[in-house]
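Participant: Contents of upload24.cif (mmCIF, C-alpha atoms) are given next:
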```cif
data_protein
#
loop_
_atom_site.group_PDB
_atom_site.id
_atom_site.type_symbol
_atom_site.label_atom_id
_atom_site.label_comp_id
_atom_site.auth_asym_id
_atom_site.auth_seq_id
_atom_site.Cartn_x
_atom_site.Cartn_y
_atom_site.Cartn_z
ATOM 1 C CA MET Q 1 -53.522 68.400 34.161
ATOM 2 C CA ASN Q 2 -54.077 70.314 37.385
ATOM 3 C CA GLU Q 3 -57.729 70.806 36.495
ATOM 4 C CA MET Q 4 -58.252 67.061 35.906
ATOM 5 C CA HIS Q 5 -56.437 66.174 39.120
ATOM 6 C CA SER Q 6 -58.510 68.560 41.234
ATOM 7 C CA SER Q 7 -61.789 67.356 39.703
ATOM 8 C CA GLY Q 8 -61.022 63.797 40.780
ATOM 9 C CA ARG Q 9 -60.400 64.743 44.425
ATOM 10 C CA PRO Q 10 -64.101 65.345 45.376
ATOM 11 C CA ASN Q 11 -65.015 61.922 43.940
ATOM 12 C CA ARG Q 12 -62.406 60.225 46.106
ATOM 13 C CA THR Q 13 -63.578 62.186 49.147
ATOM 14 C CA ALA Q 14 -67.217 61.264 48.511
ATOM 15 C CA ALA Q 15 -66.272 57.595 48.120
ATOM 16 C CA ALA Q 16 -64.323 57.684 51.388
ATOM 17 C CA VAL Q 17 -67.268 59.285 53.210
ATOM 18 C CA LYS Q 18 -69.646 56.627 51.818
ATOM 19 C CA ALA Q 19 -67.305 53.832 52.912
ATOM 20 C CA LEU Q 20 -67.034 55.344 56.382
ATOM 21 C CA LEU Q 21 -70.830 55.643 56.676
ATOM 22 C CA ALA Q 22 -71.245 52.020 55.570
ATOM 23 C CA CYS Q 23 -68.787 50.875 58.271
ATOM 24 C CA VAL Q 24 -70.560 52.921 60.931
ATOM 25 C CA THR Q 25 -73.927 51.456 59.852
ATOM 26 C CA LEU Q 26 -72.588 47.890 60.095
ATOM 27 C CA LEU Q 27 -71.082 48.560 63.516
ATOM 28 C CA CYS Q 28 -74.353 50.061 64.762
ATOM 29 C CA ALA Q 29 -76.286 47.036 63.480
ATOM 30 C CA ALA Q 30 -73.879 44.641 65.201
ATOM 31 C CA PHE Q 31 -74.138 46.656 68.415
ATOM 32 C CA ALA Q 32 -77.940 46.575 68.247
ATOM 33 C CA ILE Q 33 -77.934 42.783 67.873
ATOM 34 C CA ALA Q 34 -75.498 42.449 70.783
ATOM 35 C CA GLN Q 35 -77.672 44.660 72.994
ATOM 36 C CA GLY Q 36 -81.193 43.515 72.172
ATOM 37 C CA GLY Q 37 -81.065 40.535 69.851
ATOM 38 C CA ALA Q 38 -79.243 37.333 68.982
ATOM 39 C CA MET Q 39 -78.458 35.479 65.797
ATOM 40 C CA SER Q 40 -80.249 32.159 65.469
ATOM 41 C CA PRO Q 41 -78.189 28.978 64.955
ATOM 42 C CA TYR Q 42 -81.084 27.444 62.977
ATOM 43 C CA GLN Q 43 -81.424 28.131 59.257
ATOM 44 C CA ASP Q 44 -85.189 28.721 59.108
ATOM 45 C CA GLU Q 45 -85.487 30.673 62.346
ATOM 46 C CA LYS Q 46 -85.584 34.468 62.592
ATOM 47 C CA ASP Q 47 -82.943 36.152 64.684
ATOM 48 C CA GLY Q 48 -83.925 36.510 68.316
ATOM 49 C CA VAL Q 49 -85.365 39.444 70.198
ATOM 50 C CA SER Q 50 -85.448 40.076 73.921
ATOM 51 C CA ALA Q 51 -88.272 38.314 75.767
ATOM 52 C CA GLY Q 52 -87.506 40.162 79.003
ATOM 53 C CA GLY Q 53 -84.680 39.718 81.481
ATOM 54 C CA LYS Q 54 -82.015 37.402 80.073
ATOM 55 C CA TRP Q 55 -84.476 35.489 77.883
ATOM 56 C CA MET Q 56 -84.429 35.562 74.073
ATOM 57 C CA GLN Q 57 -87.350 34.724 71.769
ATOM 58 C CA PHE Q 58 -86.986 33.175 68.307
ATOM 59 C CA GLN Q 59 -89.769 32.548 65.768
ATOM 60 C CA SER Q 60 -90.138 30.338 62.713
ATOM 61 C CA GLU Q 61 -92.766 28.642 60.570
ATOM 62 C CA ASP Q 62 -92.892 25.000 59.514
ATOM 63 C CA LYS Q 63 -92.537 25.005 55.726
ATOM 64 C CA MET Q 64 -94.798 21.991 55.293
ATOM 65 C CA THR Q 65 -97.546 22.489 57.882
ATOM 66 C CA ALA Q 66 -97.297 26.288 58.329
ATOM 67 C CA ALA Q 67 -97.237 25.696 62.101
ATOM 68 C CA HIS Q 68 -96.083 28.783 64.008
ATOM 69 C CA LYS Q 69 -93.092 27.965 66.196
ATOM 70 C CA VAL Q 70 -91.630 29.992 69.046
ATOM 71 C CA ARG Q 71 -88.479 29.180 71.002
ATOM 72 C CA PHE Q 72 -87.584 30.846 74.305
ATOM 73 C CA GLU Q 73 -83.965 30.541 75.378
ATOM 74 C CA LEU Q 74 -82.234 31.311 78.671
ATOM 75 C CA VAL Q 75 -78.438 31.051 78.838
ATOM 76 C CA ALA Q 76 -76.699 30.265 82.143
ATOM 77 C CA ASN Q 77 -74.585 32.798 84.020
ATOM 78 C CA ASN Q 78 -71.685 30.328 84.090
ATOM 79 C CA TYR Q 79 -70.179 27.521 82.019
ATOM 80 C CA PHE Q 80 -68.995 23.979 82.664
ATOM 81 C CA ARG Q 81 -65.284 23.170 82.808
ATOM 82 C CA GLU Q 82 -65.167 21.284 79.504
ATOM 83 C CA ASP Q 83 -66.320 24.193 77.308
ATOM 84 C CA PRO Q 84 -65.997 27.833 78.416
ATOM 85 C CA ASN Q 85 -67.365 29.013 75.056
ATOM 86 C CA TYR Q 86 -70.805 27.352 75.304
ATOM 87 C CA PRO Q 87 -72.630 27.888 78.607
ATOM 88 C CA PRO Q 88 -75.597 25.670 79.575
ATOM 89 C CA ARG Q 89 -79.021 26.799 78.397
ATOM 90 C CA VAL Q 90 -82.737 26.137 78.738
ATOM 91 C CA ASP Q 91 -84.928 26.090 75.615
ATOM 92 C CA LEU Q 92 -88.726 26.062 75.520
ATOM 93 C CA PHE Q 93 -90.036 24.912 72.129
ATOM 94 C CA CYS Q 94 -93.654 25.916 71.480
ATOM 95 C CA GLU Q 95 -95.822 25.220 68.447
ATOM 96 C CA ASN Q 96 -99.231 26.674 67.594
ATOM 97 C CA GLY Q 97 -99.662 28.052 71.097
ATOM 98 C CA LYS Q 98 -98.631 24.903 73.035
ATOM 99 C CA LEU Q 99 -95.438 23.752 74.723
ATOM 100 C CA LYS Q 100 -93.920 20.955 72.637
ATOM 101 C CA LEU Q 101 -90.593 20.382 74.400
ATOM 102 C CA ALA Q 102 -88.494 21.945 77.154
ATOM 103 C CA ASP Q 103 -84.862 20.965 77.241
ATOM 104 C CA PHE Q 104 -81.783 21.585 79.339
ATOM 105 C CA ASN Q 105 -78.599 21.647 77.288
ATOM 106 C CA PRO Q 106 -75.476 21.518 79.507
ATOM 107 C CA GLY Q 107 -73.168 22.548 76.670
ATOM 108 C CA VAL Q 108 -71.055 19.434 77.239
ATOM 109 C CA ARG Q 109 -71.519 15.756 76.504
ATOM 110 C CA LEU Q 110 -73.654 14.100 79.163
ATOM 111 C CA PRO Q 111 -72.632 10.997 81.109
ATOM 112 C CA PRO Q 112 -74.678 7.818 80.573
ATOM 113 C CA PRO Q 113 -78.194 7.693 82.089
ATOM 114 C CA ASN Q 114 -78.324 6.662 85.746
ATOM 115 C CA ARG Q 115 -81.977 5.647 86.187
ATOM 116 C CA PRO Q 116 -84.997 4.415 84.231
ATOM 117 C CA GLY Q 117 -88.128 6.514 83.779
ATOM 118 C CA PHE Q 118 -91.708 5.322 84.403
ATOM 119 C CA TRP Q 119 -91.851 3.724 80.943
ATOM 120 C CA GLY Q 120 -88.264 2.473 81.113
ATOM 121 C CA GLN Q 121 -86.845 5.409 79.148
ATOM 122 C CA PRO Q 122 -83.256 6.401 80.023
ATOM 123 C CA GLN Q 123 -83.024 9.283 82.476
ATOM 124 C CA LEU Q 124 -80.413 11.280 84.318
ATOM 125 C CA GLU Q 125 -81.194 12.343 87.872
ATOM 126 C CA VAL Q 126 -80.548 16.042 88.467
ATOM 127 C CA GLU Q 127 -80.823 18.278 91.505
ATOM 128 C CA VAL Q 128 -82.946 21.393 90.986
ATOM 129 C CA ARG Q 129 -83.200 24.625 92.950
ATOM 130 C CA ILE Q 130 -86.040 27.073 92.210
ATOM 131 C CA ASP Q 131 -85.771 29.985 94.666
ATOM 132 C CA ASP Q 132 -86.282 28.338 98.088
ATOM 133 C CA TYR Q 133 -87.469 24.989 96.643
ATOM 134 C CA HIS Q 134 -84.967 22.174 96.251
ATOM 135 C CA GLY Q 135 -85.518 18.650 94.928
ATOM 136 C CA TYR Q 136 -84.431 15.805 92.655
ATOM 137 C CA HIS Q 137 -85.856 15.058 89.199
ATOM 138 C CA GLY Q 138 -85.361 12.385 86.559
ATOM 139 C CA TRP Q 139 -85.076 14.044 83.151
ATOM 140 C CA ASN Q 140 -85.193 12.048 79.945
ATOM 141 C CA TRP Q 141 -81.721 11.566 78.467
ATOM 142 C CA GLU Q 142 -81.721 12.562 74.798
ATOM 143 C CA ARG Q 143 -78.810 11.127 72.785
ATOM 144 C CA GLY Q 144 -76.269 12.309 75.351
ATOM 145 C CA HIS Q 145 -76.616 15.962 74.362
ATOM 146 C CA PHE Q 146 -79.563 17.345 76.342
ATOM 147 C CA LEU Q 147 -82.182 16.471 78.957
ATOM 148 C CA SER Q 148 -85.939 16.812 78.490
ATOM 149 C CA MET Q 149 -87.321 18.768 81.439
ATOM 150 C CA ASP Q 150 -90.607 18.030 83.208
ATOM 151 C CA LYS Q 151 -93.430 20.562 82.888
ATOM 152 C CA GLY Q 152 -93.595 21.214 86.637
ATOM 153 C CA THR Q 153 -89.991 22.412 86.682
ATOM 154 C CA VAL Q 154 -90.628 24.596 83.636
ATOM 155 C CA ARG Q 155 -93.626 26.271 85.300
ATOM 156 C CA GLY Q 156 -91.587 26.769 88.461
ATOM 157 C CA LEU Q 157 -88.695 28.511 86.739
ATOM 158 C CA LEU Q 158 -91.008 30.892 84.817
ATOM 159 C CA GLY Q 159 -91.693 33.080 87.830
ATOM 160 C CA ALA Q 160 -88.470 32.430 89.731
ATOM 161 C CA GLN Q 161 -85.520 34.635 90.619
ATOM 162 C CA THR Q 162 -83.079 31.725 90.918
ATOM 163 C CA PHE Q 163 -82.902 28.495 88.927
ATOM 164 C CA ASN Q 164 -79.954 26.128 89.398
ATOM 165 C CA VAL Q 165 -79.381 22.629 88.025
ATOM 166 C CA ALA Q 166 -76.743 20.290 89.490
ATOM 167 C CA LEU Q 167 -75.839 17.156 87.567
ATOM 168 C CA PRO Q 168 -73.060 14.627 87.174
ATOM 169 C CA THR Q 169 -70.736 15.324 84.233
ATOM 170 C CA ARG Q 170 -67.606 13.704 82.910
ATOM 171 C CA SER Q 171 -65.642 16.223 85.001
ATOM 172 C CA GLY Q 172 -67.644 15.553 88.166
ATOM 173 C CA ARG Q 173 -70.701 17.246 89.660
ATOM 174 C CA GLN Q 174 -71.309 20.723 88.240
ATOM 175 C CA ILE Q 175 -74.001 23.375 88.728
ATOM 176 C CA ALA Q 176 -75.583 25.507 86.010
ATOM 177 C CA GLU Q 177 -76.759 28.832 87.442
ATOM 178 C CA PHE Q 178 -79.579 30.791 85.773
ATOM 179 C CA SER Q 179 -81.318 34.138 86.356
ATOM 180 C CA PRO Q 180 -84.839 33.594 84.917
ATOM 181 C CA ALA Q 181 -86.462 36.773 86.323
ATOM 182 C CA GLY Q 182 -87.897 39.349 83.937
ATOM 183 C CA LEU Q 183 -89.438 37.019 81.348
ATOM 184 C CA ASN Q 184 -92.508 38.396 79.548
ATOM 185 C CA LEU Q 185 -95.030 35.959 81.025
ATOM 186 C CA ASP Q 186 -97.890 37.200 78.806
ATOM 187 C CA GLU Q 187 -95.883 36.255 75.716
ATOM 188 C CA VAL Q 188 -95.110 32.797 77.137
ATOM 189 C CA ARG Q 189 -98.791 32.240 77.961
ATOM 190 C CA LYS Q 190 -99.791 33.245 74.428
ATOM 191 C CA SER Q 191 -97.066 31.247 72.655
ATOM 192 C CA CYS Q 192 -96.848 28.165 74.900
ATOM 193 C CA ASP Q 193 -100.018 28.100 77.052
ATOM 194 C CA LEU Q 194 -97.755 28.141 80.129
ATOM 195 C CA THR Q 195 -98.217 29.987 83.412
ATOM 196 C CA PRO Q 196 -95.902 30.120 86.443
ATOM 197 C CA LYS Q 197 -96.523 27.776 89.344
ATOM 198 C CA LYS Q 198 -94.341 27.523 92.428
ATOM 199 C CA PRO Q 199 -93.190 23.957 93.056
ATOM 200 C CA SER Q 200 -94.473 22.244 96.170
ATOM 201 C CA LYS Q 201 -92.016 21.690 99.008
ATOM 202 C CA ASP Q 202 -93.840 18.520 100.080
#
```
Do you think you could lay out the structure here as structure tokens?
Facilitator:
Amino acid sequence: MNEMHSSGRPNRTAAAVKALLACVTLLCAAFAIAQGGAMSPYQDEKDGVSAGGKWMQFQSEDKMTAAHKVRFELVANNYFREDPNYPPRVDLFCENGKLKLADFNPGVRLPPPNRPGFWGQPQLEVEVRIDDYHGYHGWNWERGHFLSMDKGTVRGLLGAQTFNVALPTRSGRQIAEFSPAGLNLDEVRKSCDLTPKKPSKD
């Protein structure tokens, strides 16, 4: 009996060591994602990798057209009062080397549009700061969830140190504060055909 009991002990020890190693491996993987990557919320998109600074880059392929898609995301340094768990963010959606859409998602439900665009489309007027530039822009209001940004603002924020967006919300005027510095501009040029351009103060 003693012989059988002692022969089973190494097996239990080996199993415990394997379980411990598996846990350590999972923790290391989670730590690596937290440090240099991000899980994608979209089913067909690969998990994100750092694009420099606070930017993340996600890639996918259209299953019907095989178009190569790249999304660059920048999350704000703060959040709006209504939802402390989902800070505002900027997303650049690029397809086959061209910018397709740039949107500002405040992380909260938007108020109704407050102005018409050139073609009569609903817009929300926002106040934008890009470093020492400051101005007002009408961004297309998309179903009350996000605003479609103009290309000039996108090019301005690419090379900026500071990017802030002030807008009316259901809780009053709030400001989303971003730190866009550090983005890999070569990757953005290759994936989106975008280059930085300082906005005019005139």
Participant: Could you work out how far CA of Thr195 in chain Q lies from CA of Ala67 in chain Q, giving the answer in Å with one decimal?
Facilitator: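 Here the two named atoms are 21.8 Å from each other.
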Participant: What is the CA of Lys198 in chain Q-CA of Leu158 in chain Q distance in Å, reported with one decimal?
Facilitator: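 One can read the CA of Lys198 in chain Q to CA of Leu158 in chain Q distance as 9.0 Å.
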Participant: Let me make sure I understand: among Q:Ser148, Q:Val70, Q:Asp47, Q:Trp139, which one has the smallest atom-to-atom distance to Lys98 in chain Q if we use all atoms listed in the file?
Facilitator: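 Ranking Q:Ser148, Q:Val70, Q:Asp47, Q:Trp139 by distance to Lys98 in chain Q, first place goes to Q:Val70.
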Participant: Expanded to explicit residues, what is the PyMOL selection byres ((chain Q and resi 101) around 8) for this file, as a list in words?
Facilitator: Leu92, Phe93, Cys94, Leu99, Lys100, Ala102, Asp103, Ser148 and Met149 of chain Q
Participant: Kindly resolve the PyMOL selection byres ((chain Q and resi 113) around 9) on the present coordinates and return the residues as a list in words.
Facilitator: Leu110, Pro111, Pro112, Asn114, Arg115, Pro116, Pro122, Gln123, Leu124, Glu125, Asn140, Trp141 and Gly144 of chain Q
Participant: Show which residues sit within 10 Å of Lys197 in chain Q, as a PyMOL selection string. Count all atoms listed in the file, and ignore same-chain residues fewer than 5 positions away.
Facilitator: chain Q and resi 152-160
Participant: Which polymer residues, protein or nucleic acid, are no farther than 9 Å from (-88.0, 31.5, 68.8), counting all atoms listed in the file, as a JSON list (two decimals) with C-alpha atoms, keeping the file's coordinate frame?
Facilitator:
```json
[["chain", "number", "residue", "atom", "x", "y", "z"],
["Q", 40, "SER", "CA", -80.25, 32.16, 65.47],
["Q", 45, "GLU", "CA", -85.49, 30.67, 62.35],
["Q", 46, "LYS", "CA", -85.58, 34.47, 62.59],
["Q", 47, "ASP", "CA", -82.94, 36.15, 64.68],
["Q", 48, "GLY", "CA", -83.92, 36.51, 68.32],
["Q", 49, "VAL", "CA", -85.36, 39.44, 70.20],
["Q", 56, "MET", "CA", -84.43, 35.56, 74.07],
["Q", 57, "GLN", "CA", -87.35, 34.72, 71.77],
["Q", 58, "PHE", "CA", -86.99, 33.17, 68.31],
["Q", 59, "GLN", "CA", -89.77, 32.55, 65.77],
["Q", 60, "SER", "CA", -90.14, 30.34, 62.71],
["Q", 69, "LYS", "CA", -93.09, 27.96, 66.20],
["Q", 70, "VAL", "CA", -91.63, 29.99, 69.05],
["Q", 71, "ARG", "CA", -88.48, 29.18, 71.00],
["Q", 72, "PHE", "CA", -87.58, 30.85, 74.31],
["Q", 73, "GLU", "CA", -83.96, 30.54, 75.38],
["Q", 92, "LEU", "CA", -88.73, 26.06, 75.52],
["Q", 93, "PHE", "CA", -90.04, 24.91, 72.13],
["Q", 94, "CYS", "CA", -93.65, 25.92, 71.48]]
```
Participant: Running the PyMOL selection byres ((chain Q and resi 79) around 12) on this model by hand, what would come out? Give it as a list in words.
Facilitator: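 Written out, the selection comes to Val75, Ala76, Asn77, Asn78, Phe80, Arg81, Glu82, Asp83, Pro84, Asn85, Tyr86, Pro87, Pro88, Arg89, Asn105, Pro106, Gly107, Val108, Gln174, Ile175, Ala176, Glu177 and Phe178 of chain Q.
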Participant: Pick out the closest residue to Ser50 in chain Q from this set: Q:Thr65, Q:Leu74, Q:Gln121, Q:Gln161. Count only C-alpha atoms.
Facilitator: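 Result for the nearest residue to Ser50 in chain Q: Q:Leu74.
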Participant: Output as AutoDock Vina command-line options the centre and edge lengths (Å, one decimal) of the box along x, y and z of the file that holds every listed atom of range 71-84 of chain Q after adding 6 Å on each side.
Facilitator:
```
--center_x -76.8 --center_y 27.0 --center_z 77.5 --size_x 35.3 --size_y 23.5 --size_z 25.1
```
Participant: Between Q:Arg109, Q:Met64, Q:Gly120, Q:Pro196, which one has atoms that come closest to Asn184 in chain Q, using all atoms listed in the file?
Facilitator: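 Checking each candidate against Asn184 in chain Q, we get Q:Pro196 as the closest.
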Participant: Which polymer residues, whether protein, DNA or RNA, lie within 10 Å of the coordinate (-88.5, 16.4, 95.8) when you count only C-alpha atoms? List them as a list in words, using the chain letters and numbers from the file.
Facilitator: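 The distance filter leaves exactly Glu127, Val128, Tyr133, His134, Gly135, Tyr136, His137, Pro199, Ser200, Lys201 and Asp202 of chain Q.
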Participant: Which distance in Å separates CA of Leu185 in chain Q and CA of Met39 in chain Q, to one decimal?
Facilitator: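 Straight-line distance from CA of Leu185 in chain Q to CA of Met39 in chain Q works out to 22.5 Å.
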Participant: Smallest atom-to-atom distance to His68 in chain Q: which of Q:Phe104, Q:Asp44, Q:Thr169, Q:Thr162, using only C-alpha atoms?
Facilitator: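 Nearest to His68 in chain Q: Q:Asp44.
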Participant: Would you mind telling me which residue in Q:Asn96, Q:Asp91, Q:Asp186, Q:Arg173 lies nearest to Leu147 in chain Q when using only C-alpha atoms?
Facilitator: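 Among the listed residues, Q:Asp91 lies closest to Leu147 in chain Q.
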Participant: My list of candidates is Q:Glu95, Q:Trp55, Q:Phe163, Q:Pro41. Which is closest to Arg129 in chain Q when distances are computed with only C-alpha atoms?
Facilitator: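 Checking each of Q:Glu95, Q:Trp55, Q:Phe163, Q:Pro41 against Arg129 in chain Q, counting only C-alpha atoms, the winner is Q:Phe163.
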